[in-house]
Each structure stands twice: as C-alpha cells, then as structure tokens.
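The file work-v4.txt contains compact mmCIF, C-alpha atoms (C1' of nucleotides):
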```txt
# COMPACT_ATOMS: atom_id res chain seq x y z
CA MET A 1 15.62 -13.55 -9.76
CA LYS A 2 12.12 -13.05 -8.35
CA ILE A 3 11.16 -9.65 -6.89
CA ALA A 4 7.81 -9.03 -5.20
CA THR A 5 5.97 -6.06 -3.70
CA PHE A 6 3.35 -6.41 -0.97
CA ASN A 7 1.45 -3.72 0.96
CA ILE A 8 0.87 -5.73 4.14
CA ASN A 9 -1.23 -3.12 6.05
CA GLY A 10 0.43 -3.68 9.42
CA ILE A 11 3.33 -6.05 10.12
CA LYS A 12 1.92 -7.06 13.50
CA ALA A 13 -1.49 -8.05 12.16
CA ARG A 14 -0.03 -9.72 9.05
CA LEU A 15 2.95 -11.63 10.44
CA PRO A 16 1.60 -15.22 10.19
CA ARG A 17 0.11 -14.62 6.74
CA LEU A 18 3.28 -12.94 5.49
CA LEU A 19 5.62 -15.68 6.76
CA GLU A 20 3.39 -18.29 5.12
CA TRP A 21 3.39 -16.44 1.79
CA LEU A 22 7.18 -15.88 1.91
CA ASP A 23 7.67 -19.66 2.16
CA GLU A 24 5.43 -20.22 -0.88
CA SER A 25 6.63 -17.35 -3.01
CA GLN A 26 10.30 -18.30 -3.41
CA ALA A 27 11.12 -14.63 -3.92
CA ASP A 28 14.68 -13.34 -3.72
CA ALA A 29 13.62 -9.84 -2.69
CA VAL A 30 10.36 -8.52 -1.23
CA CYS A 31 9.37 -4.86 -0.99
CA LEU A 32 6.96 -4.23 1.89
CA GLN A 33 4.77 -1.19 2.46
CA GLU A 34 2.56 -0.01 5.33
CA ILE A 35 4.45 -1.93 7.99
CA LYS A 36 2.94 0.61 10.46
CA SER A 37 5.83 0.02 12.84
CA MET A 38 9.00 1.60 14.13
CA GLU A 39 12.21 -0.15 13.11
CA ASP A 40 12.75 -1.17 16.77
CA ASN A 41 9.36 -2.91 16.89
CA PHE A 42 9.74 -4.69 13.54
CA PRO A 43 9.84 -8.48 14.20
CA ARG A 44 13.26 -8.80 12.58
CA LEU A 45 14.14 -12.17 14.16
CA GLU A 46 11.04 -13.86 12.74
CA PHE A 47 12.48 -13.18 9.28
CA GLU A 48 16.19 -13.63 10.07
CA ASP A 49 15.43 -17.08 11.52
CA LYS A 50 14.15 -18.04 8.07
CA GLY A 51 17.19 -16.66 6.28
CA TRP A 52 15.92 -13.21 5.29
CA HIS A 53 17.98 -10.04 5.48
CA VAL A 54 15.91 -7.10 6.67
CA GLU A 55 16.18 -3.36 5.95
CA VAL A 56 13.55 -1.08 7.47
CA LEU A 57 12.46 2.54 7.31
CA GLY A 58 9.85 2.68 10.06
CA GLN A 59 7.32 5.13 11.47
CA LYS A 60 5.09 4.80 14.51
CA GLY A 61 1.57 3.67 13.64
CA PHE A 62 1.55 4.71 9.98
CA ASN A 63 3.30 4.13 6.68
CA GLY A 64 6.71 2.43 6.88
CA VAL A 65 8.56 0.42 4.23
CA ALA A 66 11.02 -2.48 4.28
CA LEU A 67 13.18 -4.66 2.04
CA LEU A 68 13.54 -8.40 2.64
CA SER A 69 16.17 -10.29 0.68
CA ARG A 70 17.81 -13.71 0.61
CA GLU A 71 21.25 -12.08 0.32
CA PRO A 72 22.24 -8.81 2.02
CA MET A 73 21.27 -5.61 0.20
CA ALA A 74 24.13 -3.25 -0.65
CA ASP A 75 24.10 0.58 -0.56
CA VAL A 76 20.78 0.88 1.27
CA MET A 77 19.27 4.38 1.20
CA ARG A 78 16.40 5.37 3.50
CA GLY A 79 14.00 8.10 2.38
CA LEU A 80 13.43 9.46 -1.10
CA PRO A 81 16.65 11.17 -2.24
CA GLY A 82 15.99 14.89 -2.56
CA ASN A 83 13.15 14.59 -0.03
CA GLU A 84 14.99 13.10 2.97
CA ASP A 85 13.43 15.59 5.39
CA ASP A 86 9.98 14.06 4.84
CA PRO A 87 8.91 12.73 8.26
CA GLN A 88 6.72 10.10 6.57
CA ALA A 89 8.47 6.75 5.96
CA ARG A 90 7.68 5.97 2.34
CA TYR A 91 10.82 4.95 0.46
CA ILE A 92 13.81 2.62 0.84
CA GLU A 93 16.25 1.50 -1.84
CA GLY A 94 19.03 -1.09 -2.04
CA THR A 95 21.04 -3.21 -4.48
CA LEU A 96 20.76 -6.99 -4.83
CA LYS A 97 22.89 -8.84 -7.39
CA GLY A 98 23.36 -5.75 -9.53
CA VAL A 99 19.69 -4.76 -9.50
CA ARG A 100 18.69 -1.52 -7.74
CA ILE A 101 15.40 -2.22 -5.94
CA ALA A 102 13.12 0.36 -4.30
CA SER A 103 10.14 -0.14 -2.00
CA LEU A 104 7.73 2.78 -2.44
CA TYR A 105 4.59 3.81 -0.57
CA LEU A 106 3.24 6.78 -2.46
CA PRO A 107 0.75 8.98 -0.54
CA ASN A 108 -2.97 8.23 -0.94
CA GLY A 109 -3.87 11.92 -1.37
CA ASN A 110 -7.51 11.92 -0.28
CA PRO A 111 -9.48 14.01 0.40
CA VAL A 112 -9.30 16.23 -2.68
CA PRO A 113 -8.77 19.11 -2.67
CA GLY A 114 -6.58 19.65 0.38
CA PRO A 115 -3.12 19.41 1.91
CA LYS A 116 -2.99 15.63 1.51
CA TYR A 117 -3.44 15.89 -2.23
CA GLU A 118 -0.85 18.68 -2.44
CA TYR A 119 1.54 16.40 -0.53
CA LYS A 120 0.85 13.58 -2.99
CA MET A 121 1.57 15.81 -5.99
CA SER A 122 4.76 17.13 -4.39
CA PHE A 123 5.90 13.60 -3.49
CA MET A 124 5.34 12.52 -7.10
CA ASP A 125 7.46 15.46 -8.30
CA HIS A 126 10.30 14.33 -6.03
CA LEU A 127 9.87 10.75 -7.26
CA ILE A 128 9.99 11.88 -10.90
CA THR A 129 13.23 13.77 -10.24
CA HIS A 130 14.86 10.83 -8.46
CA ALA A 131 13.61 8.33 -11.07
CA ALA A 132 15.31 10.39 -13.80
CA SER A 133 18.63 10.12 -11.97
CA LEU A 134 18.14 6.35 -11.54
CA LEU A 135 17.66 6.03 -15.31
CA LYS A 136 20.90 7.93 -15.88
CA SER A 137 22.76 5.18 -14.01
CA GLU A 138 21.89 2.82 -16.90
CA GLN A 139 21.59 -0.02 -14.39
CA PRO A 140 18.73 -2.47 -13.93
CA VAL A 141 16.31 -0.66 -11.58
CA VAL A 142 12.96 -1.80 -10.19
CA ILE A 143 10.74 0.72 -8.37
CA ALA A 144 8.15 -1.48 -6.70
CA GLY A 145 5.32 -0.59 -4.41
CA ASP A 146 1.94 0.90 -3.69
CA TYR A 147 1.76 3.88 -6.05
CA ASN A 148 -1.82 4.77 -5.07
CA VAL A 149 -2.41 5.44 -8.79
CA ILE A 150 -5.01 3.73 -10.98
CA PRO A 151 -3.25 4.24 -14.32
CA THR A 152 -6.21 3.75 -16.71
CA PRO A 153 -9.98 3.10 -16.61
CA GLU A 154 -9.18 -0.56 -17.36
CA ASP A 155 -7.41 -0.75 -14.00
CA CYS A 156 -10.61 -0.58 -11.95
CA HIS A 157 -13.91 -2.41 -11.82
CA ASP A 158 -15.97 0.76 -12.32
CA SER A 159 -14.19 4.01 -13.17
CA LYS A 160 -17.33 6.03 -12.31
CA THR A 161 -16.70 5.19 -8.64
CA TRP A 162 -13.20 6.65 -8.79
CA GLU A 163 -13.57 9.74 -10.97
CA ASN A 164 -13.19 12.24 -8.09
CA ASP A 165 -10.69 10.17 -6.13
CA ALA A 166 -7.03 11.12 -5.60
CA LEU A 167 -6.02 7.72 -7.03
CA PHE A 168 -7.67 8.37 -10.40
CA LEU A 169 -7.88 12.14 -10.95
CA PRO A 170 -6.56 13.27 -14.36
CA GLN A 171 -3.75 15.25 -12.64
CA THR A 172 -2.66 12.12 -10.72
CA ARG A 173 -2.58 9.94 -13.83
CA GLU A 174 -0.84 12.68 -15.79
CA LYS A 175 2.02 12.79 -13.28
CA TYR A 176 2.24 8.99 -13.30
CA ARG A 177 2.49 9.08 -17.10
CA THR A 178 5.27 11.69 -16.83
CA LEU A 179 7.16 9.06 -14.85
CA LEU A 180 6.38 6.28 -17.36
CA TYR A 181 7.39 8.44 -20.33
CA GLN A 182 10.88 8.88 -18.88
CA GLY A 183 11.33 5.29 -20.06
CA TRP A 184 9.91 3.03 -17.35
CA THR A 185 8.11 -0.23 -18.17
CA ASP A 186 5.01 -1.30 -16.22
CA ALA A 187 5.93 -4.98 -15.72
CA ILE A 188 2.38 -6.32 -15.28
CA ARG A 189 1.08 -4.67 -18.46
CA GLN A 190 4.17 -5.82 -20.37
CA ILE A 191 3.28 -9.45 -19.58
CA HIS A 192 -0.52 -9.09 -19.29
CA PRO A 193 -1.49 -6.26 -21.71
CA ARG A 194 -5.24 -6.53 -21.15
CA GLY A 195 -7.78 -7.63 -18.58
CA ASP A 196 -8.28 -7.22 -14.87
CA CYS A 197 -5.04 -7.21 -12.92
CA PHE A 198 -6.38 -5.89 -9.63
CA THR A 199 -4.06 -5.69 -6.64
CA PHE A 200 -6.34 -4.07 -4.02
CA TRP A 201 -9.88 -4.68 -2.84
CA ASP A 202 -11.34 -2.47 -0.10
CA TYR A 203 -12.32 -4.14 3.19
CA GLN A 204 -15.68 -2.35 2.88
CA ARG A 205 -18.80 -2.96 0.80
CA GLY A 206 -17.89 -6.57 0.02
CA ALA A 207 -15.39 -5.35 -2.57
CA TRP A 208 -13.54 -8.70 -2.74
CA GLN A 209 -16.73 -10.74 -3.06
CA LYS A 210 -17.85 -8.48 -5.94
CA ASP A 211 -14.34 -8.35 -7.44
CA ASP A 212 -14.63 -4.57 -7.16
CA GLY A 213 -10.86 -4.04 -7.23
CA ILE A 214 -8.23 -1.63 -8.50
CA ARG A 215 -4.66 -1.98 -9.80
CA ILE A 216 -2.44 0.35 -7.75
CA ASP A 217 0.60 -1.80 -6.86
CA HIS A 218 3.15 -1.56 -9.66
CA LEU A 219 6.69 -2.59 -10.54
CA LEU A 220 8.32 -0.06 -12.89
CA LEU A 221 11.42 -1.27 -14.70
CA SER A 222 14.30 0.70 -16.15
CA PRO A 223 15.17 -0.33 -19.76
CA GLN A 224 18.03 -2.48 -18.46
CA ALA A 225 15.63 -4.30 -16.09
CA ALA A 226 12.90 -4.54 -18.75
CA ASP A 227 15.39 -6.37 -20.99
CA MET A 228 15.66 -9.02 -18.25
CA LEU A 229 11.90 -9.42 -17.70
CA VAL A 230 10.68 -13.01 -18.01
CA ASP A 231 7.36 -13.11 -16.19
CA ALA A 232 5.07 -11.12 -13.91
CA GLY A 233 2.03 -12.02 -11.84
CA ILE A 234 -0.37 -11.21 -9.04
CA ASP A 235 -0.99 -13.59 -6.11
CA ARG A 236 -4.66 -12.68 -5.94
CA LEU A 237 -5.67 -15.74 -3.92
CA GLN A 238 -3.99 -14.15 -0.89
CA ARG A 239 -6.94 -11.72 -0.69
CA GLY A 240 -9.40 -14.50 0.14
CA LYS A 241 -7.50 -15.80 3.17
CA GLU A 242 -8.25 -15.21 6.86
CA LYS A 243 -6.71 -11.97 8.16
CA ALA A 244 -5.71 -10.90 4.64
CA SER A 245 -4.24 -7.51 3.78
CA ASP A 246 -6.42 -5.38 1.50
CA HIS A 247 -3.55 -5.58 -1.05
CA VAL A 248 -2.05 -8.73 -2.60
CA PRO A 249 1.56 -9.49 -3.65
CA VAL A 250 2.68 -8.55 -7.16
CA TRP A 251 5.88 -10.10 -8.54
CA ILE A 252 8.29 -10.29 -11.47
CA THR A 253 11.02 -12.69 -12.50
CA LEU A 254 14.18 -11.36 -14.15
CA LYS A 255 16.60 -13.42 -16.19
CA GLN A 256 20.20 -13.02 -15.08
CA ASP A 257 23.43 -14.30 -16.65
CA ASP A 258 23.85 -17.03 -14.03
CA GLN A 259 20.34 -18.44 -14.54
C1' DA B 1 -28.58 7.43 -0.22
C1' DT B 2 -26.30 5.32 3.25
C1' DG B 3 -23.03 2.60 5.39
C1' DG B 4 -20.13 -0.72 5.31
C1' DT B 5 -14.27 -2.65 7.51
C1' DC B 6 -9.78 -2.90 8.91
C1' DG B 7 -5.23 -1.54 11.80
C1' DG B 8 -3.09 0.96 15.28
C1' DC B 9 0.68 1.85 21.84
C1' DT B 10 -7.27 3.01 19.26
C1' DT B 11 -12.00 5.92 21.81
C1' DC B 12 -10.20 8.77 16.19
C1' DC B 13 -7.62 8.85 12.12
C1' DG B 14 -5.98 6.97 7.89
C1' DA B 15 -7.08 4.00 4.19
```
For this file, write the structure as structure tokens.
Amino acid sequence: MKIATFNINGIKARLPRLLEWLDESQADAVCLQEIKSMEDNFPRLEFEDKGWHVEVLGQKGFNGVALLSREPMADVMRGLPGNEDDPQARYIEGTLKGVRIASLYLPNGNPVPGPKYEYKMSFMDHLITHAASLLKSEQPVVIAGDYNVIPTPEDCHDSKTWENDALFLPQTREKYRTLLYQGWTDAIRQIHPRGDCFTFWDYQRGAWQKDDGIRIDHLLLSPQAADMLVDAGIDRLQRGKEKASDHVPVWITLKQDDQ
DNA sequence: ATGGTCGGCTTCCGA
C-alpha cells in the first residue's frame, strides 16, 4: 500500500497539477493539506470521476485538509480529537485496509513571540495527547502531513536562516521530539538516514533554484506501521513544474499480508 | 540590508 502526503497550497490553483500527479503516483491514499476551500467548493467530482473517494475538512480561504483513497475510508473523524472546537481545519483521520491514516496541517506559528506561536504550542500538546491514544490502539497508524517543524539542522539548507523561526525554535523541536519519543518512526529518515530530503522551497528569493529548502512534511509511523515499512521517497521534481505548490509530495509504501 | 512570490470570494493576510 502506498500512502502520500501533499500540501497543495490551494486546491483551485493546483487542480491540474494534482490530477496529473495522482495518475503518476499510483498511491492508494493521499493526505492533502492547505486545500484553502470549504467542503462545498471542493472539486469532488474531478476526483470521483477518476475513482477516488474523498473526505474533506474544509475552511474558507485558509487551511483545510482532505483524504483521497482508492477504496472508501472507514470511521472518518474530522478535527483533532480533544480539540474539536478549534475553528481551524487542520486534521482528518480515517481507516483504509486496517491502517489508520491522518492528514495533519500543523500551525506555522510565526511570528514569534505571539498568539500564533502559543496556538502552535497548544496544538502540538493536543496532538501529543491524541498520538498517545493512537499508540495505545496497537494498530498500524500513519500521521502524515505538514508539521511545520524542521526536526534537525540537517533538515534545512542553512540553519542560521531559521534559528529564530517558529519552525526551528528549540521549543518547537523539543515538542516534536516528545512526540517521536512516544514511539513514532520518521519514515523518511528510516529509509534515508542522511542527506537533504527537503519537502518545501519558498516561492521567494529563488529558493528552489538555489535548493534552499527545508524538510517539514513528515509521515510518522506507529510501531505496527513501521514494521510494514518497505520504502519512502520525495517527489521533488514536482517543485520544478509550472504552477507548482511550494511543497512536494512525500510517500511511503507498506507491505501488507495480501501483497 | 532589502526585497523578493504565491493564493485567496484579494486591495491585505497568511505562508
């Protein structure tokens, strides 16, 4: 089974590019972030016509997450459990073939200090609490998405640039490590322990041309999912295309009994 | 040292 995550930065602007990539990717499930659309305005038919099942948690103009899958998702939950009153659409979770799959759009948190960073820290606390309960289920779980966390200095082109940024502050990385230390496996680093694995390049300052990127899109695997991990990769060529998102797709393949 | 670029029910705000 192939599972991908892709921050598309606007479903309307990205539709042709996304449909093209979905055809190539052969994924079974795709976690989308920053659809920037209400559920009613999500172009559901464009996906259903190609055989995708669609689950959306939308918001007007900002944020918004979705799950696409070749088979219907079971037990879909919208919003981060324990934080359902959050008006920002940042989390959706469902089950496909025995694997619990979440699409996460963690808050950016800039500028620091300020209410946006406090919101990020609080959101991470809620995520840590929910992640602990997911681990207790002892099922294969994949929490995939834009974490807005640069985990280590090796995950950016130049850490000096990021030292005062909400994505790289010590407190941010400490909370992310709290999550990891519960027992989650970072799929990309499991398969590619060293080297640049960037997933985002800013639209500004010629970041793509200079390969001035960061790794902020992650797939965290529960131990039961990590046992199934076969491969992981980053479709970085997507960043060089016309009308590209500033993020690229990140994917894993999991070995299942019937494969 | 500054400004640069995208997307969105746009003339600012968020990233």
Next on the checklist: Just to confirm, what's the straight-line distance from CA of Leu22 in chain A to CA of Leu57 in chain A in Å (one decimal)?
Outcome noted: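 So the two atoms, CA of Leu22 in chain A and CA of Leu57 in chain A, lie 19.9 Å apart.
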Next on the checklist: Residues of chain A were defined as contacting chain B if any atom lay at most 9 Å from it, counting only C-alpha atoms (C1' of nucleotides); please report them as a PyMOL selection string.
Outcome noted: chain A and resi 9-10+13+36+61-62+108+202-206+245-246
For the selection you just gave me, I'd like the residues written to a file as a short mmCIF file (atom, residue, chain, number, x, y, z; two decimals), keeping the file's coordinate frame, keeping C-alpha atoms.
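Wrote it out as out_36.cif, contents follow:
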```
data_model
loop_
_atom_site.label_atom_id
_atom_site.label_comp_id
_atom_site.auth_asym_id
_atom_site.auth_seq_id
_atom_site.Cartn_x
_atom_site.Cartn_y
_atom_site.Cartn_z
CA ASN A 9 -1.23 -3.12 6.05
CA GLY A 10 0.43 -3.68 9.42
CA ALA A 13 -1.49 -8.05 12.16
CA LYS A 36 2.94 0.61 10.46
CA GLY A 61 1.57 3.67 13.64
CA PHE A 62 1.55 4.71 9.98
CA ASN A 108 -2.97 8.23 -0.94
CA ASP A 202 -11.34 -2.47 -0.10
CA TYR A 203 -12.32 -4.14 3.19
CA GLN A 204 -15.68 -2.35 2.88
CA ARG A 205 -18.80 -2.96 0.80
CA GLY A 206 -17.89 -6.57 0.02
CA SER A 245 -4.24 -7.51 3.78
CA ASP A 246 -6.42 -5.38 1.50
#
```
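Take the candidates A:Gln59, A:Gln33, A:Asn41, A:Thr129 and check each one against Pro81 in chain A using all atoms listed in the file; the shortest distance goes to A:Thr129.
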Checklist entry - Taking into account only C-alpha atoms, which residue in the set A:Glu71, A:Asp146, A:Tyr117, A:Leu127 is nearest to Asp165 in chain A? => result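 Among the listed residues, A:Tyr117 lies closest to Asp165 in chain A.
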Next on the checklist: Would you compute the distance between CA of Gly58 in chain A and CA of Leu167 in chain A? Give it in Å to one decimal.
Outcome noted: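 A separation of 23.9 Å between them.
Taking only C-alpha atoms into account, Val230 in chain A lies nearest to A:Thr253 out of the set A:Thr253, A:Arg215, A:Val142, A:Arg100.
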Checklist entry - Which residue out of A:Ala166, A:Ala131, A:Ile8, A:Ala27 has the minimum interatomic distance to Leu254 in chain A when all atoms listed in the file are used? => result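 Counting all atoms listed in the file, the residue closest to Leu254 in chain A is A:Ala27.
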